[in-house]
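For reference, the structure is listed below as structure tokens.
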Amino acid sequence: MAEGEPDFSSLPLTDRWVHKVWKVRKQAYEDAAKQFEVTPDEHDPVFRPFNQDPSLWKGAVADSNVAAQSDGIAAFCAFLKFGGREGCVRSRGHVITPIVEKGLVSTRPATKASAVEALLLLIELDVAGPVVEDILPAISAKQPKVIAAALAALTTIFHAYGCKVADPKPVLKILPKAFGHADKNVRAEATNLAVEFYRWLRDAMKPMFWGDLKPTQQSDLEAQFEKIKAEPSPRQERLLRSQQAAMARAPPAGPEGEDGGDEDGADEPAEVDAFDLAEPQDVLSKVPAGFHDNLASSKWKDRKEALEALHAVLNVPRIKDGDFNEINRGLAKCMKDANIAVVTQAAQCTEVLAKGLRKSYGKYRLVVMAPIMERLKEKKQSVADALGAALDQVFLATNLSECLEDTLSFLGHKNPQVKEGTMKFLVRCLQTTREPPSKPEVASIVEAAKKLLAESSEALRSGGAEVLGTVMKIIGERAMNPHLEGLDDIRKNKIREYFEKAEVKAKDKPKPSPAPVTRGPPGAPKKLVGGGAKKGPGGTKKAAAPPQSAPEPAPPAAQPASRAGPGSKLGMPKPSGLSGLKAPQRRVGPPGVSSPRRAPATAAPPPPTVEDDEPPAVSPPPKPRIGLGRGGLAARSLVKPAAPPTAAPSAPSPPSSSGLTAIERTELEELRAANERLSKQADEMRHERSRLISEVQELKNQNAGLIEDHTRDVLSIKAKETQLVRARSDAEAAEQTNERLRRELERLKRALSRAEGLGVSGGIGSPGVASPTPDDMGIYRDGASYSGARANRMSFTSTLSEEKENGDTPHNYPRSKLSPELRYGSGSSGRGSPARGFRSAPIEEGVGHGAGSGASSTTGGTGSNGVESWKRAAEVTSQLKARIEQMKAKQGFNRP
């Protein structure tokens with residue numbers, strides 16, 4: 001310090017930390033950083049004040065003096081680097097907001113870099129979620145420079161740690177707000193952040209915010225995206241402390257494991273999609289109320305419109321799980337629809353539903369998969385593509401083992417189109433699955449594919465070769481060679497071509513078992529030592545049992561140099577040679593060399609008595625020869641073991657060599673056999689259950705089809721009944737009209753017949769009336785005139801009676817429509833007319849016969865009038881006929 005200034009270095013660090021003089025604070029920050037760097041571990045006492053009072057850091061990172069602030073943020077970085085996770089978690093809530101508001105917007109590059117490093121260290125020591133959550137409120141700050149700095153910090157965080165460590169969903173939600181800001185710097189930083197997201201998420205991020213952007217912003221972003229599309233997948237540049245610790249533990253597993261982990265890590269970002277980023281949406285409540293009724297409509301347009309409305313509801317990135325049984329059954333029914341537009345729309349609905357539910361859709365696989373595969377017979381490419389996309393999404397919701405049975409059954413379908421579509425679906429499944437198929441599944445796939453190689457269609461033969469090539473890519477050439485036996489070279493070459501071109505995500509890596517191999521070489525160079533190595537631990541376990549006999553072998557142990565028989569037998573051979581020889585003796589069994597060794601093993605039960613152990617010690621001469629002969633192979637082990645442990649393993653070594661008695665081994669075999677039986681029974685029951693489930697589902701589908709057919713029949717019957725009722729009413733109306741017209745025609749016919757009858761009768765009677773002969777002679781006047789008049793009267797009255805019965809008026813009709821003589825003629829008239837007899841007859845009848853002479857005397861003078869009357873009657877008749885014809889023409893009838 002300069003002269004004249006007080007020395008504050010004697011004050012405690014915490015007092016200088018909050019001192020009012022900025023130089024004192026600055027010096028305190030520098031001293032703290034130096035102390036942190038020299039600490040041996042994170043539990044050093046120098047960290048204790050800051051862990052106890054984390055608020056000290058709030059003043060340091062937001063110091064009012066820019067120089068002191070720079071050192072304060074640097075001291076905080078040192079504290080995080082050497083203080084460990086505890087200090088990070090305690091201080092995190094106090095420092096993030098001041099760093100964002102004061103540190104990131106600093107005009108000093110060093111301060112800004114230290115602020116960003118502090119945020120990265122806070123994430124490195126723990127997790128990214130709390131840090132990102134505390135930075136997001138700065139996006140709503142009033143000052144544009146704070147917003148821009150916060151967006152730049154988020155870009156740096158996601159660039160360093162990626163979207164797996166730091167969750168991008170909260171940031172994607174507020175991104176449209178940043179794009180709508182008035183400040184161009186804020187919009188520019190928002191563009192940089194969106195481009196960084198695109199590096200990790202690609203198009204999966206667009207559903208989260210793309211629709212809220214302006215078209216110009218979308219086009220600008222697309223131009224930026226095009227620049228980075230060719231870049232390789234990004235990698236995480238900074239690791240969390242937890243990841244660093246995991247990597248530190250990983251190297252002992254071998255460099256291959258590390259490489260594999262790196263590859264997996266490189267592939268992970270590609271798996272992020274819209275489903276992982278989106279929030280689940282409840283779509284069941286949005287399904288139209290009349291969906292099922294419209295889906296059962298007899299009009300295909302109604303069914304198609306219902307499916308289009310459902311597709312609009314289901315087309316969301318992520319769907320909340322619920323009860324979709326009815327919807328899936330309806331979609332399965334639509335797969336049998338006669339209209340391909342309905343089938344296509346139903347397949348698209350199935351696709352988006354399975355895509356939105358993912359693994360939750362697996363329980364509906366049995367309902368929809370078989371109907372979709374049955375409909376693969378459609379030759380139209382657009383329908384086949386829609387069905388294939390639906391099957392792919394159903395497969396992604398399940399796995400290869402669940403879909404394999406139905407797929408293989410449809411590979412044997414009688415329809416070639418169904419075979420081809422199923423084959424393509426199987427190839428896509430093998431390319432997409434991440435779990436390699438089991439050996440039985442591989443065998444079933446290979447058998448089905450071999451059958452396709454013998455098909456008449458080139459597409460099916462090539463498809464069978466592609467299936468086999470893809471399977472070979474998964475399990476490897478060596479494992480596939482046994483399955484290709486019996487195939488000709490042409491087919492093998494074709495399979496190899498597809499094998500070289502195939503791209504799969506699952507590879508069956510055989511698990512190496514080097515553990516027993518690595519243990520074997522250090523023990524001894526021969527197979528016998530492998531058995532000895534295994535039995536060594538067994539011997540140590542049993543060593544605790546025979547401590548009683550240990551005191552006895554002690555004296556021979558003291559005489560190893562004297563080459564005594566007991567010493568060589570009990571002491572030396574057993575730890576090295578015998579322990580190594582007993583394992584092969586168990587395997588070889590019969591050899592005569594091992595028989596002397598096994599004799600004591602069988603005598604192992606009596607060893608509790610010391611007397612039994614001593615006699616074998618008396619007669620060791622033959623056995624030491626064998627022991628020494630074999631012991632020469634492992635001479636080193638004779639030196640290593642001291643005498644004390646040698647006697648203990650002598651008796652119990654035989655049981656320790658195997659670890660199990662004969663009874664236990666038999667019991668173990670029985671248990672294994674029982675386990676195999678139970679496994680087989682479980683497999684058979686599982687297959688039986690799946691078969692019954694498929695049969696039940698098939699019966700459900702048939703029942704649904706019958707119900708649909710019955711509904712259609714009922715509707716058609718009702719429609720026919722309605723048509724029949726209408727036809728009956730129309731027929732009755734036509735009959736009434738016909739009856740009315742018939743009666744009118746009959747009436748007209750009667751009128752015509754009456755008119756003709758009146759005309760004929762008048763023509764016949766007029767000559768008699770006009771004849772002068774009867775009048776002159778006076779003969780027959782009374783009788784003839786009277787009788788003729790009476791006859792005419794009778795005919796006229798009969799005509800009147802007929803008209804009365806038919807409801808016609810008898811008097812006016814003939815008089816008004818026939819001759820005028822009837823209208824005006826009377827008994828006293830002197831005019832002659834064709835109808836005169838009709839009028840004269842009653843007069844004569846009422847008055848007497850004298851009137852007849854007057855009538856007859858007048859006929860001669862009226863002869864010319866009679867001819868005119870006939871002519872007039874003929875004209876009237878012709879006119880009447882013409883009118884009748886006109887009336888018939890008007891009514892639409894033809895004269896019979």
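Residues in the structure tokens are numbered from 1 in each chain, the chains being A, B, ... in the order shown, and ligands are numbered from 1 in the order shown.
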Please report as a Markdown table every residue of segment 310-398 of chain A lying within 12 Å of segment 195-208 of chain A, along with the nearest atom pair and their distance in Å (one decimal), using only C-alpha atoms.
```
| residue | atom | partner | partner_atom | distance |
| --- | --- | --- | --- | --- |
| A:Asn315 | CA | A:Pro207 | CA | 11.3 |
| A:Val316 | CA | A:Pro207 | CA | 8.9 |
| A:Pro317 | CA | A:Pro207 | CA | 7.5 |
| A:Arg318 | CA | A:Pro207 | CA | 10.7 |
```
Please dump the current selection as a PDB file, in the first residue's frame; keep N, CA and C atoms.
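The new file selection-v5.pdb reads:
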```
ATOM      1  N   ASN A 315     -53.137 -34.847 -33.971  1.00  0.00           N
ATOM      2  CA  ASN A 315     -51.867 -34.433 -34.577  1.00  0.00           C
ATOM      3  C   ASN A 315     -51.162 -33.406 -33.685  1.00  0.00           C
ATOM      4  N   VAL A 316     -50.672 -33.887 -32.561  1.00  0.00           N
ATOM      5  CA  VAL A 316     -49.908 -33.064 -31.618  1.00  0.00           C
ATOM      6  C   VAL A 316     -48.614 -33.816 -31.297  1.00  0.00           C
ATOM      7  N   PRO A 317     -47.568 -33.100 -30.850  1.00  0.00           N
ATOM      8  CA  PRO A 317     -46.291 -33.784 -30.606  1.00  0.00           C
ATOM      9  C   PRO A 317     -46.356 -34.870 -29.538  1.00  0.00           C
ATOM     10  N   ARG A 318     -47.151 -34.642 -28.487  1.00  0.00           N
ATOM     11  CA  ARG A 318     -47.199 -35.619 -27.397  1.00  0.00           C
ATOM     12  C   ARG A 318     -48.611 -35.689 -26.848  1.00  0.00           C
TER      13      ARG A 318
END
```
**Message:** Just list as number ranges by chain whatever in segment 147-299 of chain A DSSP marks as alpha helix (DSSP H).
**Reply:** A: 147-165, 169-179, 184-201, 206-209, 215-228, 241-249, 255-267, 274-277, 291-295
**Request:** Pick out the residues sitting within 12 Å of segment 133-144 of chain A, and hand them over as a VMD selection string; count only C-alpha atoms, and ignore anything fewer than 6 positions along from it in its own chain.
**Result:** chain A and resid 92 to 102 104 to 105 116 119 122 to 123 127 150 to 155 157 166 to 190
Spatial neighbours of Ser457 of chain A, max dist 12 Å, only C-alpha atoms, sep filter under 4 positions, as an mmCIF file with C-alpha atoms, in the first residue's frame:
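File part.cif, as written:
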```cif
data_model
loop_
_atom_site.group_PDB
_atom_site.id
_atom_site.type_symbol
_atom_site.label_atom_id
_atom_site.label_comp_id
_atom_site.auth_asym_id
_atom_site.auth_seq_id
_atom_site.Cartn_x
_atom_site.Cartn_y
_atom_site.Cartn_z
ATOM 1 C CA ASN A 415 -51.761 -62.485 -51.356
ATOM 2 C CA PRO A 416 -48.409 -61.430 -52.906
ATOM 3 C CA GLN A 417 -49.067 -57.766 -52.111
ATOM 4 C CA LYS A 419 -46.316 -60.627 -48.486
ATOM 5 C CA GLU A 420 -44.333 -57.826 -50.068
ATOM 6 C CA LEU A 452 -39.257 -65.992 -49.822
ATOM 7 C CA LEU A 453 -36.128 -66.879 -51.802
ATOM 8 C CA ARG A 461 -36.944 -62.984 -53.717
ATOM 9 C CA SER A 462 -34.933 -59.801 -53.344
ATOM 10 C CA GLY A 463 -36.836 -59.015 -50.167
ATOM 11 C CA GLY A 464 -35.952 -62.392 -48.685
#
```
**Message:** Set the distance at 9 Å and use only C-alpha atoms: which residues neighbour segment 216-224 of chain A once local chain neighbours fewer than 3 positions away are removed? I'd like the list as a PyMOL selection string.
**Reply:** chain A and resi 179+191+194-195+210-211+213+227-228
Deliver the residues from the most recent selection as a file, using C-alpha atoms, as a PDB file, in the first residue's frame.
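Wrote selection.pdb, looks like this:
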```pdb
ATOM      1  CA  PHE A 179     -37.717 -12.810 -31.243  1.00  0.00           C
ATOM      2  CA  THR A 191     -31.171 -16.128 -33.496  1.00  0.00           C
ATOM      3  CA  ALA A 194     -32.022 -20.868 -31.988  1.00  0.00           C
ATOM      4  CA  VAL A 195     -29.151 -21.895 -34.282  1.00  0.00           C
ATOM      5  CA  TRP A 210     -41.903 -22.055 -34.926  1.00  0.00           C
ATOM      6  CA  GLY A 211     -45.544 -21.089 -35.355  1.00  0.00           C
ATOM      7  CA  LEU A 213     -42.442 -16.466 -35.477  1.00  0.00           C
ATOM      8  CA  LYS A 227     -25.316 -23.444 -43.120  1.00  0.00           C
ATOM      9  CA  ILE A 228     -24.998 -25.970 -40.287  1.00  0.00           C
TER      10      ILE A 228
END
```
**Message:** Could you list, as JSON, numbers by chain, every residue within 12 Å of Ala346 of chain A, counting only C-alpha atoms and ignoring same-chain residues fewer than 2 positions away?
**Reply:** {"A": [295, 303, 304, 305, 306, 307, 308, 309, 310, 311, 314, 327, 328, 329, 330, 331, 332, 333, 334, 335, 336, 337, 339, 340, 341, 342, 343, 344, 348, 349, 350, 351, 352, 353, 368, 371, 372, 375, 383, 386, 387, 389, 390]}
